[in-house]
>>> print(open('entry-v3.pdb').read())   # PDB, C-alpha atoms
ATOM      1  CA  MET V   1     -29.587  -2.858  -1.391
ATOM      2  CA  ARG V   2     -26.681  -2.947  -3.802
ATOM      3  CA  ASP V   3     -25.648   0.482  -5.043
ATOM      4  CA  VAL V   4     -27.524   1.042  -8.326
ATOM      5  CA  THR V   5     -26.077   4.465  -9.137
ATOM      6  CA  VAL V   6     -25.331   4.748 -12.848
ATOM      7  CA  ASN V   7     -21.659   5.316 -13.647
ATOM      8  CA  PRO V   8     -20.177   6.273 -10.266
ATOM      9  CA  ALA V   9     -16.637   7.625 -10.465
ATOM     10  CA  THR V  10     -15.092   5.309  -7.872
ATOM     11  CA  THR V  11     -14.868   1.665  -6.978
ATOM     12  CA  VAL V  12     -13.884   1.288  -3.335
ATOM     13  CA  VAL V  13     -11.847  -1.891  -2.913
ATOM     14  CA  VAL V  14     -11.831  -3.373   0.581
ATOM     15  CA  VAL V  15      -9.384  -6.220   1.145
ATOM     16  CA  THR V  16     -10.230  -8.536   4.011
ATOM     17  CA  TRP V  17      -8.693 -11.578   5.616
ATOM     18  CA  ARG V  18     -10.361 -13.013   8.695
ATOM     19  CA  GLY V  19     -12.132  -9.700   9.033
ATOM     20  CA  ALA V  20     -15.296 -10.875  10.763
ATOM     21  CA  PRO V  21     -14.691  -8.770  13.918
ATOM     22  CA  HIS V  22     -14.427  -5.457  12.063
ATOM     23  CA  VAL V  23     -15.331  -5.570   8.360
ATOM     24  CA  ALA V  24     -19.039  -4.890   9.018
ATOM     25  CA  ALA V  25     -18.170  -1.537  10.602
ATOM     26  CA  CYS V  26     -16.123  -0.681   7.514
ATOM     27  CA  LEU V  27     -19.045  -1.545   5.231
ATOM     28  CA  ASP V  28     -21.455   0.421   7.421
ATOM     29  CA  ALA V  29     -19.224   3.473   7.031
ATOM     30  CA  LEU V  30     -19.084   2.995   3.265
ATOM     31  CA  ALA V  31     -22.864   2.704   3.086
ATOM     32  CA  ALA V  32     -23.069   6.104   4.792
ATOM     33  CA  GLN V  33     -20.868   7.872   2.232
ATOM     34  CA  ALA V  34     -22.251  11.074   0.743
ATOM     35  CA  ARG V  35     -20.811  10.294  -2.687
ATOM     36  CA  PRO V  36     -22.100   7.324  -4.726
ATOM     37  CA  HIS V  37     -19.643   4.550  -5.487
ATOM     38  CA  ARG V  38     -19.253   0.849  -6.081
ATOM     39  CA  THR V  39     -17.896  -1.399  -3.338
ATOM     40  CA  LEU V  40     -15.789  -4.443  -4.147
ATOM     41  CA  VAL V  41     -14.666  -6.616  -1.239
ATOM     42  CA  VAL V  42     -11.807  -8.996  -1.963
ATOM     43  CA  ASP V  43     -11.871 -11.837   0.549
ATOM     44  CA  ASN V  44      -8.477 -13.486   0.910
ATOM     45  CA  ALA V  45      -9.874 -16.956   1.614
ATOM     46  CA  SER V  46     -11.062 -16.054   5.119
ATOM     47  CA  ASP V  47     -12.002 -19.028   7.281
ATOM     48  CA  ASP V  48     -13.611 -17.201  10.211
ATOM     49  CA  GLY V  49     -17.132 -16.628   8.937
ATOM     50  CA  THR V  50     -16.283 -13.484   6.990
ATOM     51  CA  ALA V  51     -17.897 -14.855   3.816
ATOM     52  CA  ALA V  52     -21.263 -15.345   5.518
ATOM     53  CA  LEU V  53     -21.057 -11.908   7.116
ATOM     54  CA  LEU V  54     -20.392 -10.273   3.735
ATOM     55  CA  ALA V  55     -23.282 -12.139   2.129
ATOM     56  CA  ALA V  56     -25.647 -10.967   4.872
ATOM     57  CA  HIS V  57     -24.560  -7.330   5.011
ATOM     58  CA  PRO V  58     -27.433  -4.976   4.059
ATOM     59  CA  SER V  59     -25.248  -2.957   1.671
ATOM     60  CA  ARG V  60     -24.803  -6.101  -0.437
ATOM     61  CA  PRO V  61     -21.272  -5.334  -1.647
ATOM     62  CA  GLU V  62     -19.820  -7.133  -4.619
ATOM     63  CA  VAL V  63     -17.550  -9.848  -3.226
ATOM     64  CA  LEU V  64     -14.617 -11.523  -4.921
ATOM     65  CA  ARG V  65     -13.509 -14.521  -2.867
ATOM     66  CA  LEU V  66     -10.007 -15.737  -3.665
ATOM     67  CA  PRO V  67      -8.986 -19.389  -3.289
ATOM     68  CA  ARG V  68      -5.965 -18.503  -1.167
ATOM     69  CA  ASN V  69      -4.584 -15.614   0.850
ATOM     70  CA  THR V  70      -2.718 -13.375  -1.603
ATOM     71  CA  GLY V  71      -2.036 -10.599   0.905
ATOM     72  CA  TYR V  72      -3.081  -6.978   0.614
ATOM     73  CA  ALA V  73      -0.965  -6.359  -2.477
ATOM     74  CA  GLY V  74      -2.080  -9.517  -4.232
ATOM     75  CA  ALA V  75      -5.749  -8.827  -3.609
ATOM     76  CA  LEU V  76      -5.459  -5.245  -4.863
ATOM     77  CA  ALA V  77      -3.718  -6.486  -8.004
ATOM     78  CA  VAL V  78      -6.570  -8.894  -8.695
ATOM     79  CA  ALA V  79      -9.148  -6.186  -7.991
ATOM     80  CA  LEU V  80      -7.488  -3.753 -10.394
ATOM     81  CA  GLY V  81      -8.361  -6.074 -13.252
ATOM     82  CA  LYS V  82     -12.036  -5.881 -12.227
ATOM     83  CA  VAL V  83     -12.271  -2.113 -11.733
ATOM     84  CA  GLN V  84     -13.987  -0.276 -14.588
ATOM     85  CA  THR V  85     -14.487   3.112 -12.939
ATOM     86  CA  PRO V  86     -12.088   6.038 -13.502
ATOM     87  CA  LEU V  87     -11.064   5.986  -9.845
ATOM     88  CA  MET V  88     -10.105   3.166  -7.474
ATOM     89  CA  ALA V  89     -10.023   3.582  -3.704
ATOM     90  CA  TRP V  90      -7.932   1.349  -1.448
ATOM     91  CA  LEU V  91      -9.401   0.786   2.006
ATOM     92  CA  ASN V  92      -8.353  -1.486   4.867
ATOM     93  CA  ASP V  93     -11.094  -3.640   6.339
ATOM     94  CA  ASP V  94     -10.388  -2.208   9.804
ATOM     95  CA  ALA V  95     -10.936   1.376   8.619
ATOM     96  CA  GLU V  96     -14.070   3.464   9.110
ATOM     97  CA  PRO V  97     -14.183   6.502   6.816
ATOM     98  CA  ALA V  98     -16.175   9.593   7.722
ATOM     99  CA  PRO V  99     -19.307  10.200   5.603
ATOM    100  CA  ASP V 100     -17.595  12.847   3.448
ATOM    101  CA  TRP V 101     -14.388  10.814   3.024
ATOM    102  CA  LEU V 102     -14.868   9.743  -0.576
ATOM    103  CA  ALA V 103     -16.300  13.081  -1.685
ATOM    104  CA  THR V 104     -13.277  14.869  -0.217
ATOM    105  CA  LEU V 105     -10.839  12.553  -1.997
ATOM    106  CA  GLU V 106     -12.654  12.798  -5.322
ATOM    107  CA  ASP V 107     -12.728  16.576  -5.071
ATOM    108  CA  ALA V 108      -9.014  16.643  -4.248
ATOM    109  CA  LEU V 109      -8.184  14.786  -7.467
ATOM    110  CA  GLU V 110     -10.633  16.919  -9.439
ATOM    111  CA  GLU V 111      -8.785  20.014  -8.249
ATOM    112  CA  ALA V 112      -5.344  18.503  -9.018
ATOM    113  CA  PRO V 113      -5.376  17.161 -12.589
ATOM    114  CA  LEU V 114      -1.668  16.297 -12.428
ATOM    115  CA  ALA V 115      -2.157  14.117  -9.339
ATOM    116  CA  ALA V 116      -2.693  10.378  -9.726
ATOM    117  CA  ALA V 117      -3.392   9.702  -6.053
ATOM    118  CA  ALA V 118      -4.823  11.388  -2.976
ATOM    119  CA  THR V 119      -4.113  10.193   0.541
ATOM    120  CA  SER V 120      -6.453  10.365   3.529
ATOM    121  CA  LEU V 121      -5.880  11.425   7.120
ATOM    122  CA  LEU V 122      -5.856   8.205   9.137
ATOM    123  CA  VAL V 123      -6.416   8.560  12.853
ATOM    124  CA  ARG V 124      -6.117   5.934  15.564
ATOM    125  CA  PRO V 125      -9.057   5.067  17.822
ATOM    126  CA  ASP V 126      -7.646   7.456  20.455
ATOM    127  CA  GLY V 127      -7.687  10.326  17.937
ATOM    128  CA  ALA V 128      -3.933  10.484  17.365
ATOM    129  CA  THR V 129      -2.780  10.833  13.765
ATOM    130  CA  GLN V 130      -1.456   7.622  12.275
ATOM    131  CA  SER V 131      -0.776   8.895   8.756
ATOM    132  CA  ALA V 132      -1.255  12.075   6.767
ATOM    133  CA  GLY V 133       0.689  10.560   3.885
ATOM    134  CA  VAL V 134       4.039   8.877   3.363
ATOM    135  CA  ARG V 135       7.475  10.502   3.370
ATOM    136  CA  LEU V 136      10.685   9.065   1.958
ATOM    137  CA  THR V 137      13.564   8.861   4.435
ATOM    138  CA  ALA V 138      17.219   9.454   3.624
ATOM    139  CA  ASP V 139      17.906   5.704   3.718
ATOM    140  CA  GLY V 140      14.956   4.754   1.549
ATOM    141  CA  HIS V 141      12.281   3.850   4.050
ATOM    142  CA  GLY V 142       8.675   4.844   3.599
ATOM    143  CA  ALA V 143       7.460   6.440   6.827
ATOM    144  CA  ASP V 144       4.114   7.854   7.873
ATOM    145  CA  ALA V 145       3.977  11.638   7.942
ATOM    146  CA  THR V 146       1.946  12.840  10.899
ATOM    147  CA  GLU V 147       1.721  16.534   9.991
ATOM    148  CA  PRO V 148      -0.714  17.387   7.176
ATOM    149  CA  ALA V 149       0.858  18.948   4.072
ATOM    150  CA  ALA V 150      -0.484  20.004   0.692
ATOM    151  CA  GLU V 151       1.709  17.492  -1.138
ATOM    152  CA  VAL V 152       3.374  14.311   0.084
ATOM    153  CA  PHE V 153       5.750  11.841  -1.507
ATOM    154  CA  GLY V 154       3.319   8.966  -1.278
ATOM    155  CA  PHE V 155      -0.027   7.795  -0.017
ATOM    156  CA  CYS V 156      -0.907   5.453   2.815
ATOM    157  CA  GLY V 157      -2.463   2.372   1.242
ATOM    158  CA  GLY V 158      -4.852   1.960   4.139
ATOM    159  CA  ALA V 159      -7.136   4.658   2.694
ATOM    160  CA  ALA V 160      -6.364   6.353  -0.608
ATOM    161  CA  LEU V 161      -7.859   7.195  -3.989
ATOM    162  CA  LEU V 162      -6.076   6.600  -7.292
ATOM    163  CA  ARG V 163      -6.741   7.234 -10.959
ATOM    164  CA  THR V 164      -7.297   3.775 -12.403
ATOM    165  CA  ASP V 165      -5.678   4.431 -15.778
ATOM    166  CA  ALA V 166      -2.604   6.007 -14.179
ATOM    167  CA  LEU V 167      -2.206   3.015 -11.882
ATOM    168  CA  LYS V 168      -2.474   0.589 -14.771
ATOM    169  CA  SER V 169      -0.010   2.613 -16.848
ATOM    170  CA  VAL V 170       2.751   2.162 -14.244
ATOM    171  CA  HIS V 171       2.280  -1.613 -14.076
ATOM    172  CA  GLY V 172      -0.349  -1.703 -11.347
ATOM    173  CA  VAL V 173       0.136  -3.094  -7.864
ATOM    174  CA  PRO V 174       3.196  -5.247  -6.995
ATOM    175  CA  ALA V 175       1.281  -8.430  -6.162
ATOM    176  CA  GLY V 176       4.416 -10.289  -5.110
ATOM    177  CA  PHE V 177       4.983  -7.940  -2.186
ATOM    178  CA  PHE V 178       2.078  -9.660  -0.370
ATOM    179  CA  CYS V 179       1.975  -7.029   2.399
ATOM    180  CA  TYR V 180       3.726  -3.716   3.086
ATOM    181  CA  TYR V 181       5.437  -1.173   0.832
ATOM    182  CA  GLU V 182       3.026  -1.791  -2.038
ATOM    183  CA  ASP V 183       1.764   1.756  -1.492
ATOM    184  CA  THR V 184       5.168   3.493  -1.378
ATOM    185  CA  ASP V 185       6.405   1.491  -4.366
ATOM    186  CA  THR V 186       3.283   2.476  -6.330
ATOM    187  CA  ALA V 187       3.593   6.135  -5.383
ATOM    188  CA  TRP V 188       7.267   6.115  -6.409
ATOM    189  CA  ARG V 189       6.429   4.674  -9.842
ATOM    190  CA  LEU V 190       3.687   7.254 -10.296
ATOM    191  CA  ARG V 191       6.127  10.049  -9.491
ATOM    192  CA  LEU V 192       8.703   8.646 -11.902
ATOM    193  CA  ALA V 193       5.984   8.719 -14.564
ATOM    194  CA  GLY V 194       5.442  12.427 -13.873
ATOM    195  CA  TRP V 195       2.364  12.249 -11.645
ATOM    196  CA  ASP V 196       1.856  14.057  -8.341
ATOM    197  CA  VAL V 197       0.428  12.720  -5.067
ATOM    198  CA  VAL V 198      -1.705  15.054  -2.955
ATOM    199  CA  ALA V 199      -2.937  14.948   0.617
ATOM    200  CA  ALA V 200      -6.584  15.439   1.545
ATOM    201  CA  PRO V 201      -6.518  16.027   5.318
ATOM    202  CA  GLY V 202     -10.279  16.538   5.328
ATOM    203  CA  ALA V 203     -10.755  12.904   4.265
ATOM    204  CA  ARG V 204     -10.698  11.429   7.759
ATOM    205  CA  VAL V 205     -10.608   7.710   8.472
ATOM    206  CA  ARG V 206     -10.669   6.009  11.846
ATOM    207  CA  HIS V 207      -8.201   3.143  11.595
ATOM    208  CA  ALA V 208      -7.628   0.301  14.044
ATOM    209  CA  HIS V 209      -4.049  -0.064  12.800
ATOM    210  CA  GLY V 210      -2.582  -3.566  12.810
ATOM    211  CA  VAL V 211      -5.768  -5.520  13.517
ATOM    212  CA  SER V 212      -5.225  -7.834  10.537
ATOM    213  CA  SER V 213      -1.480  -8.284  11.017
ATOM    214  CA  ASN V 214       0.823  -8.687  13.960
ATOM    215  CA  LEU V 215       2.949  -5.556  13.801
ATOM    216  CA  GLY V 216       6.468  -6.203  15.050
ATOM    217  CA  SER V 217       6.266  -9.957  14.493
ATOM    218  CA  PRO V 218       9.008 -11.821  12.594
ATOM    219  CA  LEU V 219       6.682 -12.224   9.614
ATOM    220  CA  PHE V 220       5.947  -8.494   9.595
ATOM    221  CA  HIS V 221       9.662  -7.669   9.622
ATOM    222  CA  ARG V 222      10.433 -10.222   6.923
ATOM    223  CA  TRP V 223       7.909  -8.696   4.525
ATOM    224  CA  ASN V 224       8.804  -5.152   5.514
ATOM    225  CA  GLU V 225      12.564  -5.524   5.066
ATOM    226  CA  ARG V 226      12.285  -7.590   1.882
ATOM    227  CA  ASN V 227       9.825  -5.272   0.199
ATOM    228  CA  ARG V 228      11.795  -2.146   1.051
ATOM    229  CA  LEU V 229      14.850  -3.596  -0.660
ATOM    230  CA  LEU V 230      12.805  -4.736  -3.655
ATOM    231  CA  MET V 231      11.220  -1.278  -3.902
ATOM    232  CA  LEU V 232      14.632   0.368  -3.945
ATOM    233  CA  LEU V 233      15.875  -2.013  -6.624
ATOM    234  CA  ARG V 234      12.792  -1.211  -8.696
ATOM    235  CA  CYS V 235      12.554   2.544  -8.172
ATOM    236  CA  ALA V 236      15.593   4.199  -6.583
ATOM    237  CA  PRO V 237      18.761   5.438  -8.279
ATOM    238  CA  GLY V 238      21.120   2.508  -8.803
ATOM    239  CA  VAL V 239      23.741   3.771  -6.373
ATOM    240  CA  VAL V 240      21.116   4.199  -3.638
ATOM    241  CA  ALA V 241      19.673   0.712  -4.146
ATOM    242  CA  ALA V 242      23.138  -0.885  -4.217
ATOM    243  CA  LYS V 243      24.242   0.999  -1.097
ATOM    244  CA  GLN V 244      21.189   0.017   0.926
ATOM    245  CA  LEU V 245      21.349  -3.615  -0.160
ATOM    246  CA  ALA V 246      25.061  -3.767   0.723
ATOM    247  CA  ARG V 247      24.404  -2.083   4.055
ATOM    248  CA  PHE V 248      21.685  -4.596   4.890
ATOM    249  CA  ALA V 249      23.941  -7.522   3.913
ATOM    250  CA  LEU V 250      26.937  -6.187   5.860
ATOM    251  CA  LEU V 251      24.929  -5.642   9.026
ATOM    252  CA  THR V 252      23.532  -9.150   8.671
ATOM    253  CA  ALA V 253      27.020 -10.608   8.295
ATOM    254  CA  VAL V 254      28.338  -8.985  11.488
ATOM    255  CA  LEU V 255      25.341  -9.807  13.676
ATOM    256  CA  PRO V 256      26.753 -13.191  14.831
ATOM    257  CA  LEU V 257      29.853 -11.295  15.999
ATOM    258  CA  ARG V 258      27.820  -8.986  18.198
ATOM    259  CA  PRO V 259      26.174 -11.023  20.948
ATOM    260  CA  GLY V 260      23.685  -9.105  23.020
ATOM    261  CA  GLY V 261      22.711  -6.852  20.112
ATOM    262  CA  PRO V 262      19.222  -5.464  19.402
ATOM    263  CA  ALA V 263      16.411  -7.866  20.307
ATOM    264  CA  ALA V 264      13.990  -6.670  17.607
ATOM    265  CA  ALA V 265      12.934  -9.338  15.124
ATOM    266  CA  ASN V 266      14.439  -7.452  12.186
ATOM    267  CA  PHE V 267      17.883  -7.901  13.755
ATOM    268  CA  ARG V 268      17.628 -11.682  13.925
ATOM    269  CA  PHE V 269      20.326 -13.274  11.821
ATOM    270  CA  GLY V 270      18.115 -16.024  10.414
ATOM    271  CA  LEU V 271      15.329 -13.648   9.420
ATOM    272  CA  ARG V 272      17.736 -11.301   7.653
ATOM    273  CA  CYS V 273      19.340 -14.192   5.810
ATOM    274  CA  ARG V 274      15.923 -15.242   4.590
ATOM    275  CA  VAL V 275      15.226 -11.685   3.430
ATOM    276  CA  LEU V 276      18.478 -11.656   1.446
ATOM    277  CA  ALA V 277      17.692 -15.065  -0.066
ATOM    278  CA  GLU V 278      14.243 -13.915  -1.150
ATOM    279  CA  VAL V 279      15.642 -10.718  -2.666
ATOM    280  CA  ALA V 280      18.273 -12.733  -4.543
ATOM    281  CA  LEU V 281      15.645 -15.143  -5.840
ATOM    282  CA  ARG V 282      13.518 -12.258  -7.108
ATOM    283  CA  LEU V 283      16.407 -10.206  -8.452
ATOM    284  CA  PRO V 284      16.096 -11.130 -12.161
ATOM    285  CA  ALA V 285      12.373 -10.320 -12.257
ATOM    286  CA  THR V 286      12.960  -7.171 -10.202
ATOM    287  CA  LEU V 287      15.592  -5.879 -12.599
ATOM    288  CA  ARG V 288      13.321  -6.608 -15.549
ATOM    289  CA  MET V 289      10.620  -4.542 -13.865
ATOM    290  CA  ARG V 290      13.161  -1.785 -13.227
ATOM    291  CA  ARG V 291      13.774  -1.578 -16.968
ATOM    292  CA  LYS V 292      10.025  -1.467 -17.651
ATOM    293  CA  ILE V 293       9.627   1.341 -15.119
ATOM    294  CA  SER V 294      12.449   3.250 -16.805
ATOM    295  CA  ARG V 295      10.724   3.021 -20.165
ATOM    296  CA  ARG V 296       7.616   4.647 -18.659
ATOM    297  CA  ALA V 297       9.517   7.294 -16.720
ATOM    298  CA  ALA V 298       9.114  10.978 -17.446
ATOM    299  CA  LEU V 299      11.486  11.990 -14.648
ATOM    300  CA  GLY V 300      14.934  10.723 -13.721
ATOM    301  CA  ARG V 301      15.339   8.519 -10.674
ATOM    302  CA  GLY V 302      17.912  10.930  -9.305
ATOM    303  CA  ALA V 303      15.585  13.904  -9.655
ATOM    304  CA  VAL V 304      12.785  12.203  -7.724
ATOM    305  CA  TRP V 305      15.214  11.017  -5.040
ATOM    306  CA  GLU V 306      16.778  14.453  -4.589
ATOM    307  CA  ALA V 307      13.379  16.127  -4.419
ATOM    308  CA  TRP V 308      11.907  13.842  -1.754
ATOM    309  CA  ALA V 309      14.462  11.742   0.148
ATOM    310  CA  GLY V 310      15.026  12.863   3.710
ATOM    311  CA  LEU V 311      12.167  15.363   3.788
TER
END
>>> encode(input="entry-v3.pdb", output="structure tokens")
Amino acid sequence: MRDVTVNPATTVVVVTWRGAPHVAACLDALAAQARPHRTLVVDNASDDGTAALLAAHPSRPEVLRLPRNTGYAGALAVALGKVQTPLMAWLNDDAEPAPDWLATLEDALEEAPLAAAATSLLVRPDGATQSAGVRLTADGHGADATEPAAEVFGFCGGAALLRTDALKSVHGVPAGFFCYYEDTDTAWRLRLAGWDVVAAPGARVRHAHGVSSNLGSPLFHRWNERNRLLMLLRCAPGVVAAKQLARFALLTAVLPLRPGGPAAANFRFGLRCRVLAEVALRLPATLRMRRKISRRAALGRGAVWEAWAGL
């Protein structure tokens, strides 16, 4: 039956796209949670029978079916407008949280009133740690931290809990990112606004990483590279963003002069040119958002960068 608990603290948002092979296991794990909650599944126009599977699932989750695939970021942005609970959890459809997952995350935020987000411990099917949070590298990449720590720069969007009002106050989820870096960008904006991000290593989630996307594919690298640059333009100190954009452009320009270079998709000249074109097309809107972020900021961009970059 649908959860009838009065006024639960959290809405768990599960984004799915062609999730028929694994979304039922995710919903089963949510139904077994020790803490009451609402479940909202955003279906990105799946065409593989996912809709029928969701309708038949015994937990009877609320389902929002979108007319087209808006990506993980786009679906979360739509869901945010529907969430009325104080807390909003993000959960991949290929993730299976332990029964005490949500309770552990809620308790972590209860114990840290200055934190706007708590990140889970995501483990691969073989038991290896995938993410204990997100760290910020010296060149502005978001990278999974694999060693648990009390505080992390950012949260892994595959399984995290956020304060709804805090998320809305920093302009929500960057829907235009489609996939990748929406979590690190959001964490960065929260930190600029003066919020903390905490880790909850007891909130364990089994995650079949990459089931819904082809990691390492040209499309993956296009989104990944583009969104990192957009994130830096939105959130990083100006000199850092300009340096990384120039570095990316310079490396792209010399690639045709270096035959036999790296074979990875993110070093393909055509792909990198497309990334630069997409960044240029989005630059006016990105700079407008940068100004909006600055108006909400309680901390300087330089202070956040110096505190977290390269750690």
>>> closest_atom_pairs(input="entry-v3.pdb", of="range 237-304 of chain V", to="range 123-141 of chain V", cutoff="9 Å", atoms="all atoms listed in the file", output="CSV")
residue,atom,partner,partner_atom,distance
V:Val240,CA,V:Gly140,CA,8.1
V:Ala241,CA,V:Gly140,CA,8.4
V:Gln244,CA,V:Asp139,CA,7.1
>>> closest_atom_pairs(input="entry-v3.pdb", of="range 178-241 of chain V", to="range 56-76 of chain V", cutoff="7 Å", atoms="all atoms listed in the file", output="Markdown table")
| residue | atom | partner | partner_atom | distance |
| --- | --- | --- | --- | --- |
| V:Phe178 | CA | V:Gly71 | CA | 4.4 |
| V:Cys179 | CA | V:Tyr72 | CA | 5.4 |
| V:Glu182 | CA | V:Ala73 | CA | 6.1 |
>>> closest_residue(input="entry-v3.pdb", among="V:Asp196, V:Asp43, V:Asp28, V:Asp94", to="Ala166 in chain V", atoms="only C-alpha atoms")
V:Asp196
>>> axis_aligned_box(input="entry-v3.pdb", around="range 234-246 of chain V", padding_each_side="4 Å", output="AutoDock Vina command-line options")
--center_x 18.8 --center_y 0.8 --center_z -3.9 --size_x 20.5 --size_y 17.2 --size_z 17.7
>>> resolve_selection(input="entry-v3.pdb", expression="the PyMOL selection byres ((chain V and resi 200) around 9)", output="list in words")
Thr104, Leu105, Ala108, Ala118, Thr119, Ser120, Leu121, Ala132, Pro148, Ala149, Ala150, Glu151, Val198, Ala199, Pro201, Gly202, Ala203 and Arg204 of chain V
>>> residues_near_point(input="entry-v3.pdb", point="(14.7, -1.8, -11.3)", cutoff="7 Å", atoms="all atoms listed in the file", output="list in words")
Leu233, Arg234, Cys235, Thr286, Leu287, Arg288, Met289, Arg290 and Arg291 of chain V
>>> atom_distance(input="entry-v3.pdb", atom1="CA of Glu306 in chain V", atom2="CA of Met88 in chain V")
29.3 Å
>>> closest_residue(input="entry-v3.pdb", among="V:Trp101, V:Phe153, V:Trp195, V:Tyr180", to="Phe220 in chain V", atoms="only C-alpha atoms")
V:Tyr180
>>> closest_residue(input="entry-v3.pdb", among="V:Val78, V:Ala309, V:Ala117, V:Val170", to="Arg295 in chain V", atoms="only C-alpha atoms")
V:Val170
>>> resolve_selection(input="entry-v3.pdb", expression="the PyMOL selection byres ((chain V and resi 38) around 6)", output="count of residues only")
3
>>> atom_distance(input="entry-v3.pdb", atom1="CA of Arg226 in chain V", atom2="CA of Val279 in chain V")
6.5 Å
>>> closest_residue(input="entry-v3.pdb", among="V:Gly49, V:Pro174, V:Pro113, V:Pro218", to="Leu162 in chain V", atoms="only C-alpha atoms")
V:Pro113
>>> resolve_selection(input="entry-v3.pdb", expression="the PyMOL selection byres ((chain V and resi 256-267) around 7)", output="MDAnalysis selection string")
chainID V and resid 217:218 221 254:255 268:269 271:272
>>> closest_residue(input="entry-v3.pdb", among="V:Val15, V:Leu102, V:Leu91, V:Ala145", to="Gly157 in chain V", atoms="only C-alpha atoms")
V:Leu91
